[in-house]
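Participant: Can you read through this structure? Questions will come right after.
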Amino acid sequence: MNDSDHIDQRHLCEKSLTYGEGPMVSSNGVVRSAPDTRLPGVAVVGLGYWGPNWVRNFQQLQCAHRVIACDLDARRRNHVKQLHPSVETTASFDDVLRDSEVEGVVIATPVSTHYRLARMALESGKSVLVEKPLATSRQEAAELVRLAQVRKRTLMVGHTFLYSAPVLKTREIIQSGELGEIFYISSVRANLGLFQHDVNVAWDLATHDISIILWLLDRLPHSVTCQGQSHYRSDVEDVALLTLHFSGKVIAFIHVSWLDPNKIRRTTIVGSRKMLVYDDTASQEKLRIYDRGVSMQRYYDTFGEFQFSYRYGDILIPRLDESEPLQQECAHFVDCIRTGSQPRTDGVNGLQVVSVLEAANLSMRDSGRMMPIKYGTV
């Protein structure tokens with residue numbers, strides 16, 4: 001995927017304010033109504049931890065005539081209804097599928113249900129956005145991609161950080177060559193909770209970092225090692241360390257944990273020229289570029305002449321035009337449905353991340369043995 005496929009963040013912010021009807025002035029000064037670009041309807045299935053945020057953003061964007069919130073739990077439906085009185089609520093997923101006005105469906109349910117619900121929605125002719133990860137196996141993910149292609153519907157996965165200003169800026173900096181040749185990336189994503197009941201910490205948290213790293217490097221790892229441990233629930237690891245191996249001696253480390261006393265969301269990228277640190281928990285100055293590095297004498301005759309030269313330069317803090325990543329993601333999903341354009345985080349992107357996670361899970365269950373990554377095919 002190249003930069004021409006990506007929607008500029010500022011353009012998305014402006015686009016989010018232009019849905020629906022409004023006055024337009026033609027070249028001869030005649031005022032007429034703008035065409036209504038809203039979808040007839042969009043539904044959010046699953047109103048647990050993240051679902052209400054999807055509902056809120058679709059409401060704020062005013063990108064659909066109807067927003068439907070679906071959950072089996074009446075308390076969750078009532079909570080959303082109190083926050084957004086104009087939102088329709090239902091306990092029936094079948095009703096959502098039968099509703100001909102619903103063009104887009106967001107699946108924000110537990111991971112173990114993603115494949116089944118997404119498949120049902122695609123078979124019903126709906127475009128689908130599935131929360132991360134896309135599925136629990138590369139076979140399932142590949143089947144969803146194939147089905148979306150056959151039905152000619154949009155399939156998108158909720159790798160939300162690929163719509164955030166710091167990650168967008170970091171990719172721009174890497175591609176500009178400012179950091180030089182990338183040596184390695186190290187990511188830490190830790191906090192106390194939230195424990196998941198159907199997937200381990202790698203499938204829950206490392207999904208974010210894998211999607212970010214693959215997008216920043218614009219390449220796929222060929223193998224992965226992973227070590228983890230379960231402390232509270234059997235076979236549900238709550239701490240894990242993944243190592244992704246890329247061609248050209250590039251390596252990436254991902255540490256994830258549900259058992260850390262501090263909330264940490266930090267990525268360090270080390271290049272041959274400069275280094276970059278992305279701290280997502282910082283209220284300001286989320287990105288810092290360090291003009292620091294190491295060089296060694298190119299030619300030397302004896303070991304005594306061998307020496308390193310260390311450079312300690314300035315720290316640059318790039319300016320970011322921040323907006324809520326989830327709102328950018330919602331706007332992008334609607335725009336892809338309307339125009340038929342390819343999502344930044346399309347089904348193939350989701351399949352690639354699931355393929356890495358599947359290999360990492362095999363490694364973790366085999367005492368950290370290096371596993372080749374088999375990418376699912378459609």
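Scheme for the structure tokens: letters A, B, ... for chains in order shown; per-chain residue numbers from 1; ligand numbers from 1 in order shown.
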Check the DSSP output for the backbone and give back, as an MDAnalysis selection string, the residues of segment 103-196 of chain A in helix (DSSP H, G or I).
Facilitator: chainID A and resid 111:123 138:151 160:163 165:176
Participant: May I have the residues from that selection written out with C-alpha atoms, as a PDB file, in the first residue's frame?
Facilitator:
ATOM      1  CA  VAL A 111     -13.039 -11.906  19.716  1.00  0.00           C
ATOM      2  CA  SER A 112     -14.322 -15.487  19.611  1.00  0.00           C
ATOM      3  CA  THR A 113     -17.525 -14.251  17.897  1.00  0.00           C
ATOM      4  CA  HIS A 114     -15.886 -12.026  15.258  1.00  0.00           C
ATOM      5  CA  TYR A 115     -15.729 -14.569  12.439  1.00  0.00           C
ATOM      6  CA  ARG A 116     -19.266 -15.908  12.833  1.00  0.00           C
ATOM      7  CA  LEU A 117     -20.954 -12.509  13.090  1.00  0.00           C
ATOM      8  CA  ALA A 118     -18.854 -10.916  10.335  1.00  0.00           C
ATOM      9  CA  ARG A 119     -19.593 -13.829   8.020  1.00  0.00           C
ATOM     10  CA  MET A 120     -23.326 -13.548   8.659  1.00  0.00           C
ATOM     11  CA  ALA A 121     -23.240  -9.812   7.971  1.00  0.00           C
ATOM     12  CA  LEU A 122     -21.282 -10.214   4.720  1.00  0.00           C
ATOM     13  CA  GLU A 123     -23.613 -12.987   3.557  1.00  0.00           C
ATOM     14  CA  ARG A 138      -5.715 -17.098   9.390  1.00  0.00           C
ATOM     15  CA  GLN A 139      -8.121 -19.588   7.811  1.00  0.00           C
ATOM     16  CA  GLU A 140     -11.104 -17.691   9.218  1.00  0.00           C
ATOM     17  CA  ALA A 141      -9.606 -14.317   8.275  1.00  0.00           C
ATOM     18  CA  ALA A 142      -8.898 -15.476   4.716  1.00  0.00           C
ATOM     19  CA  GLU A 143     -12.466 -16.726   4.373  1.00  0.00           C
ATOM     20  CA  LEU A 144     -13.846 -13.312   5.393  1.00  0.00           C
ATOM     21  CA  VAL A 145     -11.603 -11.591   2.843  1.00  0.00           C
ATOM     22  CA  ARG A 146     -12.736 -14.000   0.128  1.00  0.00           C
ATOM     23  CA  LEU A 147     -16.398 -13.563   1.026  1.00  0.00           C
ATOM     24  CA  ALA A 148     -16.126  -9.755   0.968  1.00  0.00           C
ATOM     25  CA  GLN A 149     -14.547  -9.936  -2.484  1.00  0.00           C
ATOM     26  CA  VAL A 150     -17.264 -12.253  -3.800  1.00  0.00           C
ATOM     27  CA  ARG A 151     -20.065 -10.097  -2.362  1.00  0.00           C
ATOM     28  CA  THR A 160      -7.374   2.112  15.212  1.00  0.00           C
ATOM     29  CA  PHE A 161      -3.801   3.316  15.753  1.00  0.00           C
ATOM     30  CA  LEU A 162      -3.252   3.436  11.997  1.00  0.00           C
ATOM     31  CA  TYR A 163      -5.607   6.442  12.061  1.00  0.00           C
ATOM     32  CA  ALA A 165      -1.733  11.404  14.273  1.00  0.00           C
ATOM     33  CA  PRO A 166       1.462  10.149  16.009  1.00  0.00           C
ATOM     34  CA  VAL A 167       1.557   6.919  13.979  1.00  0.00           C
ATOM     35  CA  LEU A 168       0.805   8.764  10.733  1.00  0.00           C
ATOM     36  CA  LYS A 169       3.623  11.208  11.487  1.00  0.00           C
ATOM     37  CA  THR A 170       6.019   8.427  12.452  1.00  0.00           C
ATOM     38  CA  ARG A 171       5.461   6.659   9.127  1.00  0.00           C
ATOM     39  CA  GLU A 172       6.064   9.954   7.326  1.00  0.00           C
ATOM     40  CA  ILE A 173       9.339  10.445   9.214  1.00  0.00           C
ATOM     41  CA  ILE A 174      10.547   6.902   8.483  1.00  0.00           C
ATOM     42  CA  GLN A 175       9.709   7.155   4.797  1.00  0.00           C
ATOM     43  CA  SER A 176      11.507  10.489   4.550  1.00  0.00           C
TER      44      SER A 176
END
Participant: Find the distance between atom CA of Pro221 of chain A and atom CA of Ser355 of chain A and write it in Å to one decimal.
Facilitator: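 According to the coordinates, atom CA of Pro221 of chain A and atom CA of Ser355 of chain A are separated by 10.3 Å.
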Participant: Skip Gly158 of chain A itself and residues of its chain fewer than 4 positions away, then list as a PyMOL selection string all residues within 8 Å of it, counting only C-alpha atoms.
Facilitator: chain A and resi 129-134+329+345
Participant: Quick one: everything within 6 Å of Ala91 of chain A, counting only C-alpha atoms, minus sequence neighbours fewer than 4 positions away in the same chain. Send it as a PyMOL selection string.
Facilitator: chain A and resi 70-72
Participant: Excluding segment 200-208 of chain A and any residue of its chain fewer than 2 positions from it, enumerate the residues within 6 Å of it, using only C-alpha atoms, and give them as an MDAnalysis selection string.
Facilitator: chainID A and resid 210:211 236:238
Participant: Can you write just those residues out, C-alpha atoms, as a compact mmCIF listing (two decimals), in the first residue's frame?
Facilitator:
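result-v5.txt written:
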# COMPACT_ATOMS: atom_id res chain seq x y z
CA ILE A 210 1.89 -5.72 15.20
CA SER A 211 -0.42 -3.64 13.02
CA VAL A 236 -4.81 -17.64 28.95
CA GLU A 237 -1.42 -15.95 29.09
CA ASP A 238 -1.45 -12.57 30.84
Participant: Between A:Gly177, A:Gly228, A:Pro85, A:Gly248, single out the one closest to Val55 of chain A, counting only C-alpha atoms.
Facilitator: A:Pro85
Participant: Set the distance at 12 Å and use only C-alpha atoms: which residues neighbour Ser92 of chain A once local chain neighbours fewer than 6 positions away are removed? I'd like the list as a PyMOL selection string.
Facilitator: chain A and resi 43-46+68-74+77+98-99
Participant: Which residue, A:Val106, A:Val353, A:Val188, A:Met156, has the smallest gap to Asn262 of chain A when you use only C-alpha atoms?
Facilitator: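 Nearest to Asn262 of chain A: A:Val188.
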Participant: So the first atom is atom CA of Ala240 of chain A and the second is atom CA of Leu326 of chain A; what is the distance between them in Å, to one decimal place?
Facilitator: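 Pair atom CA of Ala240 of chain A / atom CA of Leu326 of chain A returns 26.6 Å.
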Participant: Calculated over only C-alpha atoms, which of the candidates A:Leu220, A:Leu179, A:Ser86, A:Arg76 has the smallest distance to Phe58 of chain A?
Facilitator: A:Ser86
Participant: Determine, counting only C-alpha atoms, which protein, DNA and RNA residues have an atom within 12 Å of an atom of Gln227 of chain A; residues of the same chain fewer than 6 positions away are not included. Present the result as a list in words.
Facilitator: Val201, Ala202, Glu237, Asp238, Val239, Ala240, Leu241, Leu242, Thr243, Phe253, Ile254, His255, Val256, Ser257, Ala359, Ala360, Asn361, Leu362, Ser363, Met364, Arg365, Asp366, Ser367, Gly368, Arg369, Met370 and Met371 of chain A
